[in-house]
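Structure below is upload_4.cif: mmCIF, C-alpha atoms.
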```cif
data_target
#
loop_
_atom_site.label_atom_id
_atom_site.label_comp_id
_atom_site.auth_asym_id
_atom_site.auth_seq_id
_atom_site.Cartn_x
_atom_site.Cartn_y
_atom_site.Cartn_z
CA MET A 1 0.00 0.00 0.00
CA THR A 2 1.34 3.43 -0.89
CA MET A 3 1.20 6.47 1.36
CA LYS A 4 0.11 9.87 0.15
CA ARG A 5 2.81 12.51 0.24
CA HIS A 6 0.86 15.16 2.15
CA ARG A 7 3.94 17.32 2.79
CA LEU A 8 4.67 17.52 -0.93
CA ALA A 9 1.11 18.58 -1.73
CA GLU A 10 1.05 21.08 1.14
CA GLN A 11 4.33 22.68 0.04
CA ARG A 12 3.06 23.00 -3.53
CA ALA A 13 -0.15 24.66 -2.33
CA ALA A 14 1.80 26.92 0.03
CA ARG A 15 3.79 28.22 -2.92
CA GLY A 16 0.53 29.06 -4.68
CA TYR A 17 0.55 26.39 -7.40
CA SER A 18 -2.40 24.29 -8.44
CA GLN A 19 -1.56 20.80 -9.64
CA GLU A 20 -2.16 21.95 -13.22
CA GLU A 21 0.12 25.00 -12.87
CA PHE A 22 2.84 22.92 -11.21
CA ALA A 23 2.66 20.36 -14.00
CA ASP A 24 2.90 23.05 -16.68
CA LEU A 25 6.02 24.53 -15.11
CA LEU A 26 7.65 21.09 -15.00
CA ARG A 27 6.45 20.15 -18.49
CA VAL A 28 4.72 17.00 -17.29
CA ALA A 29 1.09 15.86 -17.33
CA THR A 30 -1.16 16.89 -14.43
CA SER A 31 -1.77 13.20 -13.82
CA THR A 32 1.98 12.81 -13.17
CA VAL A 33 1.85 15.35 -10.33
CA VAL A 34 -1.22 13.59 -8.95
CA ARG A 35 0.64 10.27 -8.97
CA TRP A 36 3.63 11.86 -7.22
CA GLU A 37 1.44 13.24 -4.46
CA ASN A 38 -0.53 10.00 -4.12
CA GLY A 39 2.69 8.04 -3.67
CA LYS A 40 2.12 5.97 -6.81
CA ALA A 41 5.19 7.30 -8.63
CA ALA A 42 8.30 9.34 -7.90
CA PRO A 43 9.95 12.17 -9.86
CA ARG A 44 12.96 11.11 -11.89
CA PRO A 45 16.37 12.31 -10.64
CA PHE A 46 16.85 14.99 -13.32
CA GLN A 47 13.45 16.52 -12.43
CA ARG A 48 14.18 16.97 -8.74
CA PRO A 49 16.37 20.11 -8.80
CA ARG A 50 13.63 21.93 -10.74
CA ILE A 51 10.93 20.70 -8.35
CA ALA A 52 12.99 21.76 -5.33
CA GLY A 53 13.49 25.20 -6.86
CA LEU A 54 9.78 25.73 -7.45
CA LEU A 55 8.93 24.56 -3.93
CA GLU A 56 11.75 26.68 -2.45
CA VAL A 57 13.27 23.76 -0.56
CA THR A 58 16.63 22.00 -0.73
CA THR A 59 16.96 18.73 -2.63
CA SER A 60 17.46 16.96 0.72
CA GLU A 61 14.21 18.42 2.03
CA LEU A 62 12.47 17.34 -1.17
CA ASP A 63 13.83 13.81 -0.77
CA ALA A 64 12.36 13.72 2.72
CA MET A 65 8.97 14.76 1.34
CA LEU A 66 9.14 11.99 -1.25
CA THR A 67 10.17 9.20 1.10
CA SER A 68 7.97 9.86 4.08
CA GLY A 69 4.59 11.17 5.05
CA PRO A 70 2.61 11.84 8.25
CA ARG A 71 1.49 8.71 10.09
CA PRO A 72 -2.26 8.09 10.22
CA VAL A 73 -3.93 9.17 13.45
CA SER A 74 -5.22 5.68 14.15
CA GLY A 75 -5.12 2.21 12.68
CA PRO A 76 -2.25 -0.05 11.72
CA GLU A 77 0.99 1.32 10.44
CA THR A 78 1.33 1.36 6.66
CA PRO A 79 4.99 2.02 5.90
CA GLU A 80 5.75 3.19 2.38
CA THR A 81 7.31 0.50 0.19
CA LEU A 82 8.11 2.47 -2.94
CA LEU A 83 11.37 1.45 -4.59
CA ASP A 84 14.02 4.11 -4.28
CA PRO A 85 15.07 5.36 -7.75
CA GLY A 86 18.71 4.68 -6.95
CA ASP A 87 17.88 1.05 -6.14
CA ALA A 88 15.90 0.77 -9.38
CA ASP A 89 18.86 2.08 -11.35
CA ASP A 90 21.19 -0.37 -9.64
CA MET A 91 18.85 -3.25 -10.41
CA LYS A 92 18.68 -2.13 -14.04
CA ARG A 93 22.46 -2.10 -14.31
CA ARG A 94 22.86 -5.52 -12.70
CA ASP A 95 20.13 -6.89 -14.92
CA VAL A 96 21.92 -5.78 -18.09
CA LEU A 97 25.34 -6.84 -16.83
CA GLY A 98 23.92 -10.30 -16.22
CA LEU A 99 22.61 -10.42 -19.76
CA LEU A 100 25.97 -9.19 -21.02
CA ALA A 101 27.74 -12.09 -19.34
CA VAL A 102 25.34 -14.59 -20.90
CA THR A 103 25.39 -13.02 -24.34
CA GLY A 104 29.16 -12.56 -24.39
CA ALA A 105 29.59 -16.29 -23.82
CA LEU A 106 26.93 -17.42 -26.27
CA VAL A 107 28.15 -15.36 -29.24
CA THR A 108 31.47 -17.21 -29.18
CA LEU A 109 29.88 -20.66 -29.38
CA PRO A 110 29.87 -22.30 -32.84
CA GLY A 111 26.75 -23.07 -34.85
CA LEU A 112 25.36 -26.56 -35.32
CA ASP A 113 25.83 -29.32 -37.80
CA ALA A 114 23.14 -30.21 -40.33
CA GLU A 115 21.56 -32.90 -38.12
CA ALA A 116 20.95 -30.48 -35.27
CA ALA A 117 19.75 -27.72 -37.60
CA VAL A 118 16.25 -29.21 -37.77
CA ARG A 119 15.73 -28.06 -34.17
CA ALA A 120 16.87 -24.51 -34.89
CA GLU A 121 13.44 -23.06 -35.68
CA THR A 122 13.32 -20.55 -32.79
CA ALA A 123 16.73 -19.06 -33.51
CA SER A 124 16.04 -18.98 -37.25
CA ALA A 125 12.74 -17.17 -36.76
CA LEU A 126 14.38 -14.59 -34.49
CA ALA A 127 17.19 -14.09 -36.99
CA GLU A 128 14.60 -13.33 -39.66
CA THR A 129 12.35 -10.96 -37.67
CA GLY A 130 14.86 -9.40 -35.26
CA PRO A 131 16.61 -6.95 -37.60
CA GLU A 132 13.38 -5.05 -38.27
CA LEU A 133 12.69 -4.83 -34.53
CA ASN A 134 16.18 -3.43 -34.00
CA ARG A 135 15.63 -0.83 -36.72
CA ALA A 136 12.39 0.18 -35.03
CA LEU A 137 14.23 0.56 -31.71
CA TRP A 138 16.82 2.85 -33.29
CA ARG A 139 14.01 4.99 -34.73
CA THR A 140 12.37 5.15 -31.31
CA PHE A 141 15.69 6.02 -29.68
CA SER A 142 16.43 8.83 -32.14
CA LEU A 143 12.99 10.41 -31.62
CA ALA A 144 12.82 10.04 -27.82
CA GLU A 145 13.25 13.24 -25.81
CA SER A 146 14.44 11.18 -22.83
CA LYS A 147 16.66 8.32 -24.02
CA GLN A 148 16.14 6.48 -20.72
CA ASP A 149 12.50 5.87 -21.67
CA VAL A 150 13.69 3.49 -24.41
CA TYR A 151 15.33 1.13 -21.92
CA PRO A 152 12.32 -1.18 -21.29
CA LEU A 153 11.96 -1.84 -25.02
CA VAL A 154 15.69 -2.52 -25.40
CA ARG A 155 15.68 -4.79 -22.35
CA SER A 156 12.81 -6.84 -23.77
CA GLN A 157 14.63 -7.37 -27.05
CA LEU A 158 17.88 -8.22 -25.23
CA GLY A 159 16.03 -10.96 -23.38
CA ARG A 160 14.66 -12.39 -26.61
CA LEU A 161 18.12 -12.37 -28.15
CA ALA A 162 19.72 -14.13 -25.18
CA LYS A 163 17.01 -16.78 -25.34
CA GLY A 164 17.50 -17.16 -29.09
CA LEU A 165 21.23 -17.64 -28.63
CA GLU A 166 20.56 -20.47 -26.18
CA GLU A 167 18.52 -22.34 -28.78
CA PRO A 168 20.06 -24.66 -31.39
CA GLN A 169 21.31 -22.63 -34.38
CA THR A 170 22.68 -23.16 -37.82
CA GLU A 171 25.90 -21.35 -38.74
CA THR A 172 23.86 -18.91 -40.82
CA SER A 173 21.42 -18.19 -37.99
CA HIS A 174 24.31 -17.81 -35.55
CA ARG A 175 25.98 -15.16 -37.70
CA ARG A 176 22.69 -13.30 -38.10
CA LEU A 177 22.06 -13.41 -34.36
CA CYS A 178 25.58 -12.14 -33.71
CA THR A 179 24.88 -9.24 -36.07
CA MET A 180 21.72 -8.48 -34.09
CA VAL A 181 23.68 -8.61 -30.83
CA GLY A 182 26.28 -6.20 -32.25
CA ASP A 183 23.44 -3.90 -33.27
CA LEU A 184 21.26 -4.10 -30.16
CA TYR A 185 24.04 -3.77 -27.61
CA GLN A 186 25.06 -0.52 -29.28
CA ILE A 187 21.56 0.82 -28.59
CA ALA A 188 21.82 -0.37 -24.99
CA GLY A 189 25.22 1.31 -24.72
CA GLU A 190 23.77 4.55 -26.09
CA VAL A 191 21.02 4.51 -23.46
CA PHE A 192 23.56 4.05 -20.67
CA PHE A 193 25.97 6.58 -22.22
CA ASP A 194 23.24 9.23 -22.36
CA GLY A 195 22.57 8.58 -18.67
CA ASN A 196 26.28 9.04 -17.81
CA ARG A 197 26.57 5.31 -16.94
CA TYR A 198 29.90 4.93 -18.69
CA THR A 199 31.00 1.61 -17.20
CA GLU A 200 27.79 -0.12 -18.27
CA ALA A 201 27.99 1.54 -21.70
CA ALA A 202 31.57 0.29 -22.12
CA HIS A 203 30.48 -3.27 -21.31
CA CYS A 204 27.71 -3.03 -23.91
CA TYR A 205 30.05 -1.74 -26.61
CA THR A 206 32.61 -4.47 -25.82
CA VAL A 207 30.03 -7.22 -26.31
CA ALA A 208 28.75 -5.45 -29.44
CA ALA A 209 32.27 -5.40 -30.92
CA SER A 210 32.85 -9.06 -30.06
CA ALA A 211 29.54 -10.09 -31.62
CA ALA A 212 30.19 -8.05 -34.77
CA LYS A 213 33.58 -9.70 -35.12
CA GLU A 214 31.94 -13.14 -34.85
CA ALA A 215 29.46 -12.10 -37.53
CA GLY A 216 32.27 -10.90 -39.80
CA ASP A 217 30.67 -7.43 -40.10
CA PHE A 218 33.57 -4.96 -40.13
CA ASP A 219 31.44 -1.81 -40.29
CA LEU A 220 29.33 -2.88 -37.32
CA TRP A 221 32.52 -3.81 -35.46
CA ALA A 222 34.20 -0.46 -36.16
CA CYS A 223 31.12 1.46 -35.00
CA ALA A 224 31.03 -0.41 -31.68
CA MET A 225 34.70 0.42 -31.11
CA THR A 226 34.12 4.07 -32.01
CA ARG A 227 31.27 4.34 -29.52
CA HIS A 228 33.55 2.81 -26.90
CA ALA A 229 36.16 5.49 -27.69
CA PHE A 230 33.51 8.18 -27.17
CA ILE A 231 33.37 7.22 -23.50
CA GLU A 232 37.06 7.98 -23.11
CA LEU A 233 36.64 11.28 -24.95
CA TYR A 234 33.91 12.39 -22.56
CA GLU A 235 36.07 11.38 -19.62
CA ARG A 236 38.83 13.47 -21.26
CA ARG A 237 41.08 10.41 -21.51
CA PHE A 238 42.22 11.34 -24.99
CA ALA A 239 45.38 9.24 -24.90
CA VAL A 240 43.23 6.18 -24.11
CA ALA A 241 40.72 6.95 -26.87
CA ALA A 242 43.37 7.43 -29.58
CA PRO A 243 44.54 3.79 -29.91
CA ILE A 244 40.94 2.50 -29.81
CA LEU A 245 40.12 4.82 -32.70
CA SER A 246 43.26 3.83 -34.56
CA ALA A 247 42.16 0.19 -34.37
CA ALA A 248 38.61 1.16 -35.38
CA SER A 249 40.03 2.95 -38.42
CA ARG A 250 41.88 -0.19 -39.49
CA VAL A 251 38.76 -2.32 -39.02
CA SER A 252 36.57 0.12 -40.96
CA GLY A 253 39.10 0.04 -43.80
CA ARG A 254 38.07 -3.58 -44.36
CA GLY A 255 34.38 -2.69 -44.48
CA ASP A 256 32.09 -1.46 -47.22
CA GLY A 257 33.69 1.50 -48.99
CA GLN A 258 30.25 2.84 -49.94
CA LEU A 259 29.27 3.23 -46.29
CA SER A 260 30.25 6.22 -44.15
CA THR A 261 31.89 4.20 -41.37
CA ARG A 262 35.52 5.21 -41.98
CA TYR A 263 34.53 8.87 -42.25
CA TRP A 264 32.72 8.74 -38.92
CA VAL A 265 35.80 7.18 -37.33
CA ALA A 266 37.86 10.06 -38.76
CA ALA A 267 35.44 12.64 -37.29
CA VAL A 268 35.78 11.08 -33.84
CA GLN A 269 39.55 10.81 -34.23
CA ALA A 270 39.59 14.57 -34.81
CA GLU A 271 38.16 15.05 -31.29
CA ALA A 272 40.89 12.86 -29.83
CA TYR A 273 43.59 14.84 -31.66
CA ALA A 274 42.02 18.08 -30.43
CA GLY A 275 42.17 16.80 -26.86
CA LEU A 276 45.84 15.97 -27.36
CA GLY A 277 46.48 19.50 -28.69
CA ASP A 278 47.40 18.31 -32.19
CA LEU A 279 45.82 20.93 -34.47
CA ASP A 280 47.33 19.63 -37.73
CA SER A 281 46.20 16.03 -37.20
CA CYS A 282 42.80 17.28 -36.09
CA LYS A 283 42.35 19.28 -39.30
CA ARG A 284 43.46 16.33 -41.44
CA ALA A 285 40.97 14.05 -39.73
CA LEU A 286 38.16 16.58 -40.18
CA ASP A 287 39.03 16.98 -43.85
CA GLN A 288 38.93 13.21 -44.25
CA ALA A 289 35.52 13.14 -42.55
CA GLU A 290 34.27 15.77 -45.01
CA GLU A 291 34.90 13.30 -47.84
CA VAL A 292 31.68 11.57 -46.78
CA HIS A 293 29.86 14.13 -48.94
CA ALA A 294 31.40 12.56 -52.04
CA LEU A 295 29.64 9.24 -51.40
CA GLY A 296 26.51 8.39 -53.32
CA GLY A 297 23.59 6.07 -52.65
CA VAL A 298 22.79 4.71 -49.19
CA ILE A 299 25.73 5.61 -46.94
CA GLN A 300 24.21 4.97 -43.49
CA ASN A 301 21.41 2.91 -42.01
CA GLY A 302 19.89 5.24 -39.43
CA GLY A 303 20.77 2.78 -36.67
CA TRP A 304 24.23 1.76 -35.53
CA LEU A 305 25.62 3.80 -38.43
CA ARG A 306 24.05 7.24 -38.65
CA PHE A 307 26.92 9.42 -39.84
CA ASP A 308 26.13 11.44 -42.96
CA GLY A 309 28.28 14.52 -42.36
CA SER A 310 25.37 16.65 -41.11
CA ARG A 311 27.02 16.96 -37.68
CA LEU A 312 30.42 18.02 -38.90
CA ALA A 313 29.82 21.69 -38.11
CA GLU A 314 29.18 21.01 -34.42
CA GLU A 315 32.03 18.48 -34.34
CA ARG A 316 34.40 21.08 -35.78
CA GLY A 317 33.18 23.52 -33.15
CA THR A 318 33.89 21.02 -30.37
CA CYS A 319 37.40 20.41 -31.70
CA TYR A 320 38.31 24.08 -32.13
CA LEU A 321 36.93 24.95 -28.69
CA GLN A 322 39.14 22.25 -27.20
CA LEU A 323 42.13 23.59 -29.13
CA GLY A 324 41.58 27.13 -27.86
CA ARG A 325 40.64 28.57 -31.26
CA PRO A 326 37.53 30.66 -30.46
CA ASP A 327 37.43 32.25 -33.92
CA LEU A 328 37.11 28.90 -35.68
CA ALA A 329 34.88 27.44 -32.97
CA GLU A 330 32.28 30.20 -33.09
CA GLN A 331 32.01 30.03 -36.85
CA ALA A 332 31.40 26.27 -36.76
CA LEU A 333 28.99 26.28 -33.80
CA THR A 334 26.91 29.14 -35.20
CA ALA A 335 26.63 27.26 -38.48
CA ALA A 336 25.49 24.18 -36.54
CA LEU A 337 22.67 26.14 -34.85
CA GLU A 338 21.30 27.11 -38.25
CA GLN A 339 20.63 23.45 -39.01
CA PRO A 340 17.59 21.46 -37.80
CA LEU A 341 18.78 19.85 -34.57
CA SER A 342 17.21 17.55 -32.00
CA SER A 343 16.75 19.01 -28.51
CA ARG A 344 19.70 16.92 -27.33
CA ARG A 345 22.06 18.21 -30.02
CA ARG A 346 20.84 21.80 -29.74
CA GLY A 347 21.42 21.79 -26.00
CA ALA A 348 24.97 20.52 -26.50
CA VAL A 349 25.79 23.19 -29.09
CA LEU A 350 24.36 25.93 -26.85
CA ALA A 351 26.44 24.69 -23.92
CA GLU A 352 29.57 24.89 -26.06
CA LEU A 353 28.72 28.42 -27.22
CA ALA A 354 28.35 29.33 -23.55
CA ALA A 355 31.74 27.72 -22.87
CA LEU A 356 33.17 29.80 -25.72
CA GLY A 357 31.81 32.90 -23.99
CA ALA A 358 33.50 31.83 -20.75
CA GLN A 359 36.76 31.32 -22.62
CA ARG A 360 36.50 34.91 -23.82
CA GLY A 361 35.34 36.29 -20.48
CA ASP A 362 32.01 37.34 -22.01
CA VAL A 363 29.42 36.90 -19.23
CA GLU A 364 26.52 37.98 -21.44
CA GLN A 365 27.27 35.24 -23.97
CA VAL A 366 27.62 32.71 -21.17
CA MET A 367 24.20 33.57 -19.75
CA GLN A 368 22.51 33.88 -23.14
CA TYR A 369 23.27 30.32 -24.17
CA SER A 370 23.52 28.48 -20.86
CA SER A 371 19.96 29.16 -19.69
CA THR A 372 18.44 27.45 -22.74
CA ALA A 373 20.96 24.60 -22.53
CA LEU A 374 20.00 24.01 -18.89
CA ALA A 375 16.30 24.02 -19.77
CA LEU A 376 16.89 21.46 -22.50
CA ALA A 377 18.95 19.29 -20.15
CA GLY A 378 16.09 19.28 -17.66
CA GLN A 379 13.51 18.64 -20.36
CA THR A 380 15.31 15.70 -21.95
CA GLY A 381 17.19 14.27 -18.97
CA SER A 382 20.16 13.96 -21.32
CA GLY A 383 23.53 13.20 -19.80
CA TYR A 384 25.02 14.27 -23.14
CA ILE A 385 23.94 17.88 -22.56
CA GLY A 386 24.82 17.54 -18.90
CA LYS A 387 28.39 16.58 -19.73
CA LYS A 388 28.74 19.60 -21.99
CA LEU A 389 27.44 21.81 -19.17
CA GLU A 390 30.00 20.28 -16.80
CA GLY A 391 32.64 21.36 -19.30
CA LEU A 392 31.21 24.87 -19.16
CA GLN A 393 31.19 24.79 -15.35
CA LYS A 394 34.94 24.19 -15.26
CA ARG A 395 35.49 27.38 -17.25
CA LEU A 396 33.43 29.61 -14.94
CA ALA A 397 35.98 30.13 -12.16
CA PRO A 398 37.39 33.46 -13.47
CA LEU A 399 33.86 34.87 -13.76
CA MET A 400 32.47 33.84 -10.37
CA SER A 401 32.47 37.39 -9.01
CA ASP A 402 29.34 37.95 -11.12
CA ALA A 403 26.29 36.78 -9.13
CA ARG A 404 24.63 35.40 -12.26
CA VAL A 405 27.62 33.19 -13.00
CA SER A 406 27.74 31.99 -9.41
CA GLU A 407 24.08 31.00 -9.61
CA LEU A 408 24.71 29.26 -12.94
CA HIS A 409 27.55 27.29 -11.35
CA HIS A 410 25.21 26.07 -8.59
CA ARG A 411 22.47 25.13 -11.08
CA ILE A 412 24.88 23.02 -13.13
CA ALA A 413 26.16 21.38 -9.94
CA ALA A 414 22.57 20.54 -8.92
CA LEU A 415 21.90 19.05 -12.35
CA SER A 416 25.06 16.92 -12.12
CA ALA A 417 24.18 15.74 -8.63
CA ALA A 418 20.69 14.71 -9.78
CA ALA A 419 22.15 12.78 -12.72
#
```
Go through the file and emit its structure as structure tokens.
Amino acid sequence: MTMKRHRLAEQRAARGYSQEEFADLLRVATSTVVRWENGKAAPRPFQRPRIAGLLEVTTSELDAMLTSGPRPVSGPETPETLLDPGDADDMKRRDVLGLLAVTGALVTLPGLDAEAAVRAETASALAETGPELNRALWRTFSLAESKQDVYPLVRSQLGRLAKGLEEPQTETSHRRLCTMVGDLYQIAGEVFFDGNRYTEAAHCYTVAASAAKEAGDFDLWACAMTRHAFIELYERRFAVAAPILSAASRVSGRGDGQLSTRYWVAAVQAEAYAGLGDLDSCKRALDQAEEVHALGGVIQNGGWLRFDGSRLAEERGTCYLQLGRPDLAEQALTAALEQPLSSRRRGAVLAELAALGAQRGDVEQVMQYSSTALALAGQTGSGYIGKKLEGLQKRLAPLMSDARVSELHHRIAALSAAA
């Protein structure tokens, strides 16, 4: 039995908000606020700093409102049994890590001989229908405002794949299933990566690369390695990312020359070179990535390979910002904003333009771009935007005498703590 959160409702009313007004300010449905106050659901971590701000309480005080309520005057005790979000996240991670262990073992097992193949109907059926399900998941992932919402769908498909791998398989079905594993675990890795769960993402990409290798799909293999390198880039471990990308480049060179894989690897390599302070190598890699525009026909699949060169402006901006070239960075980032961008990508570009303002000591530019980036981070729950804002936060120290910058620093810190 759940317990109503009377203190939460009372604090909302004390601040003068109806449930409808409170929901509008948080960009959620009124029914969501009702469920929060009835104890049937809990706000997600990224929503809590905004809720605390509207209620004029600290995040610790908000947590107390969410985890306890006044005891009934009479009758038996009815302690609240809602699962703490942190526990739910931990269970989710352990669940996927368990599947990773199973899948990682099964993809290395050989297929069956002809006699056993007659019993391979389940695996064969999954190998035929699974690719379309994976493509649908990638479409859902790309359109989702909050990437974490895609997790239940991915988890369901992961379970089906693990079960399929346990069934008898022909060599052909085994290779197809390995291709699906290499595909699906990259989606799973993306979900964890966007939530700043880098260790879990790295595990997913490792299994994806191993499965792609078993399937003999060099492009799929190179993409899994490149995504793995992204983790090191966002942890600013550029020297660790560089050899992973070098290997990915060699693997992609054995793939389909009509696909954009090798050009995407080059674009990511440019970020590693920028982090290492190598301007010349960075420019060469970016120029190589630009060659994607010379390809014709179908160059990407919208799933594990989505590079078509449309992001090169923002990627150039990221590189030049890292290299301390504000002139080149601003030109590239401004060009990126003129393109149609998802909320996630727009928030990241705005955060980098704010960081550019901090690099120049321009408080007005910092505030102009950071407020929208913060709003988009809260709206989407994206760790991708959050990581860009953390990069901005590190550049704010020389400007902290300005009260607006000090407040911005605290808001970014609250966002990071919630994530």
Since I can't run it myself right now, could you work out what the PyMOL selection byres ((chain A and resi 387) around 12) selects here and report it as a PyMOL selection string? chain A and resi 193-198+231+233-236+344+347-349+351-352+373-374+377+381-386+388-394+412-413+415-417+419
How would you write, as a list of chain:residue names, the residues chosen by the PyMOL selection byres ((chain A and resi 211) around 8) on this structure? A:Gly104, A:Val107, A:Thr108, A:Cys178, A:Thr179, A:Val181, A:Gly182, A:Val207, A:Ala208, A:Ala209, A:Ser210, A:Ala212, A:Lys213, A:Glu214, A:Ala215, A:Trp221
Decode the PyMOL selection byres ((chain A and resi 141-156) around 7) for the given file into explicit residues and return them as a CSV table (one decimal) with C-alpha atoms, keeping the file's coordinate frame.
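Contents of the output file out.csv:
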```
chain,number,residue,atom,x,y,z
A,137,LEU,CA,14.2,0.6,-31.7
A,138,TRP,CA,16.8,2.8,-33.3
A,139,ARG,CA,14.0,5.0,-34.7
A,140,THR,CA,12.4,5.2,-31.3
A,157,GLN,CA,14.6,-7.4,-27.0
A,158,LEU,CA,17.9,-8.2,-25.2
A,159,GLY,CA,16.0,-11.0,-23.4
A,160,ARG,CA,14.7,-12.4,-26.6
A,188,ALA,CA,21.8,-0.4,-25.0
A,191,VAL,CA,21.0,4.5,-23.5
A,194,ASP,CA,23.2,9.2,-22.4
A,380,THR,CA,15.3,15.7,-22.0
A,381,GLY,CA,17.2,14.3,-19.0
A,382,SER,CA,20.2,14.0,-21.3
```
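Interatomic distance, CA of Val251 (chain A) against CA of Trp304 (chain A): 15.5 Å.
From CA of Gln288 (chain A) back to CA of Glu338 (chain A), the distance works out to 23.2 Å.
Ranking A:Val240, A:Ala201, A:Leu312, A:Ala248 by their shortest atom-to-atom distance to Leu220 (chain A), with only C-alpha atoms included, puts A:Ala248 first.
We find CA of Ala336 (chain A) and CA of Arg411 (chain A) to be spaced 25.7 Å apart.
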Go through region 330-378 of chain A and flag each residue having an atom no more than 12 Å from region 11-32 of chain A; for those, report the closest pair of atoms plus their distance in Å to one decimal, using all atoms listed in the file, ordered by chain and rising number, as JSON lines.
```
{"residue": "A:Ala375", "atom": "CA", "partner": "A:Leu26", "partner_atom": "CA", "distance": 10.3}
{"residue": "A:Leu376", "atom": "CA", "partner": "A:Arg27", "partner_atom": "CA", "distance": 11.3}
{"residue": "A:Gly378", "atom": "CA", "partner": "A:Leu26", "partner_atom": "CA", "distance": 9.0}
```
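Taking only C-alpha atoms into account, Gly275 (chain A) lies nearest to A:Leu321 out of the set A:Ala64, A:Ile244, A:Leu321, A:Leu295.
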Please rebuild region 55-66 of chain A with N, CA, C and O atoms and return the result as a PDB file, in the frame of the given file.
```pdb
ATOM      1  N   LEU A  55       9.489  24.677  -5.281  1.00  0.00           N
ATOM      2  CA  LEU A  55       8.930  24.560  -3.930  1.00  0.00           C
ATOM      3  C   LEU A  55       9.727  25.350  -2.895  1.00  0.00           C
ATOM      4  O   LEU A  55       9.325  25.420  -1.729  1.00  0.00           O
ATOM      5  N   GLU A  56      10.878  25.899  -3.319  1.00  0.00           N
ATOM      6  CA  GLU A  56      11.750  26.680  -2.450  1.00  0.00           C
ATOM      7  C   GLU A  56      12.236  25.850  -1.250  1.00  0.00           C
ATOM      8  O   GLU A  56      12.189  26.276  -0.093  1.00  0.00           O
ATOM      9  N   VAL A  57      12.686  24.626  -1.573  1.00  0.00           N
ATOM     10  CA  VAL A  57      13.270  23.760  -0.560  1.00  0.00           C
ATOM     11  C   VAL A  57      14.592  23.225  -1.118  1.00  0.00           C
ATOM     12  O   VAL A  57      14.886  23.351  -2.309  1.00  0.00           O
ATOM     13  N   THR A  58      15.401  22.643  -0.273  1.00  0.00           N
ATOM     14  CA  THR A  58      16.630  22.000  -0.730  1.00  0.00           C
ATOM     15  C   THR A  58      16.279  20.634  -1.319  1.00  0.00           C
ATOM     16  O   THR A  58      15.192  20.096  -1.062  1.00  0.00           O
ATOM     17  N   THR A  59      17.207  20.065  -2.070  1.00  0.00           N
ATOM     18  CA  THR A  59      16.960  18.730  -2.630  1.00  0.00           C
ATOM     19  C   THR A  59      16.842  17.693  -1.509  1.00  0.00           C
ATOM     20  O   THR A  59      16.092  16.727  -1.640  1.00  0.00           O
ATOM     21  N   SER A  60      17.572  17.891  -0.416  1.00  0.00           N
ATOM     22  CA  SER A  60      17.460  16.960   0.720  1.00  0.00           C
ATOM     23  C   SER A  60      16.073  17.042   1.346  1.00  0.00           C
ATOM     24  O   SER A  60      15.471  16.012   1.714  1.00  0.00           O
ATOM     25  N   GLU A  61      15.554  18.259   1.484  1.00  0.00           N
ATOM     26  CA  GLU A  61      14.210  18.420   2.030  1.00  0.00           C
ATOM     27  C   GLU A  61      13.167  17.812   1.100  1.00  0.00           C
ATOM     28  O   GLU A  61      12.187  17.200   1.550  1.00  0.00           O
ATOM     29  N   LEU A  62      13.391  17.953  -0.209  1.00  0.00           N
ATOM     30  CA  LEU A  62      12.470  17.340  -1.170  1.00  0.00           C
ATOM     31  C   LEU A  62      12.504  15.818  -1.045  1.00  0.00           C
ATOM     32  O   LEU A  62      11.458  15.151  -1.061  1.00  0.00           O
ATOM     33  N   ASP A  63      13.710  15.264  -0.922  1.00  0.00           N
ATOM     34  CA  ASP A  63      13.830  13.810  -0.770  1.00  0.00           C
ATOM     35  C   ASP A  63      13.049  13.326   0.450  1.00  0.00           C
ATOM     36  O   ASP A  63      12.409  12.265   0.411  1.00  0.00           O
ATOM     37  N   ALA A  64      13.102  14.109   1.518  1.00  0.00           N
ATOM     38  CA  ALA A  64      12.360  13.720   2.720  1.00  0.00           C
ATOM     39  C   ALA A  64      10.850  13.735   2.464  1.00  0.00           C
ATOM     40  O   ALA A  64      10.117  12.880   2.962  1.00  0.00           O
ATOM     41  N   MET A  65      10.390  14.700   1.686  1.00  0.00           N
ATOM     42  CA  MET A  65       8.970  14.760   1.340  1.00  0.00           C
ATOM     43  C   MET A  65       8.542  13.557   0.496  1.00  0.00           C
ATOM     44  O   MET A  65       7.409  13.087   0.585  1.00  0.00           O
ATOM     45  N   LEU A  66       9.470  13.078  -0.327  1.00  0.00           N
ATOM     46  CA  LEU A  66       9.140  11.990  -1.250  1.00  0.00           C
ATOM     47  C   LEU A  66       9.219  10.617  -0.592  1.00  0.00           C
ATOM     48  O   LEU A  66       8.603   9.664  -1.075  1.00  0.00           O
TER      49      LEU A  66
END
```
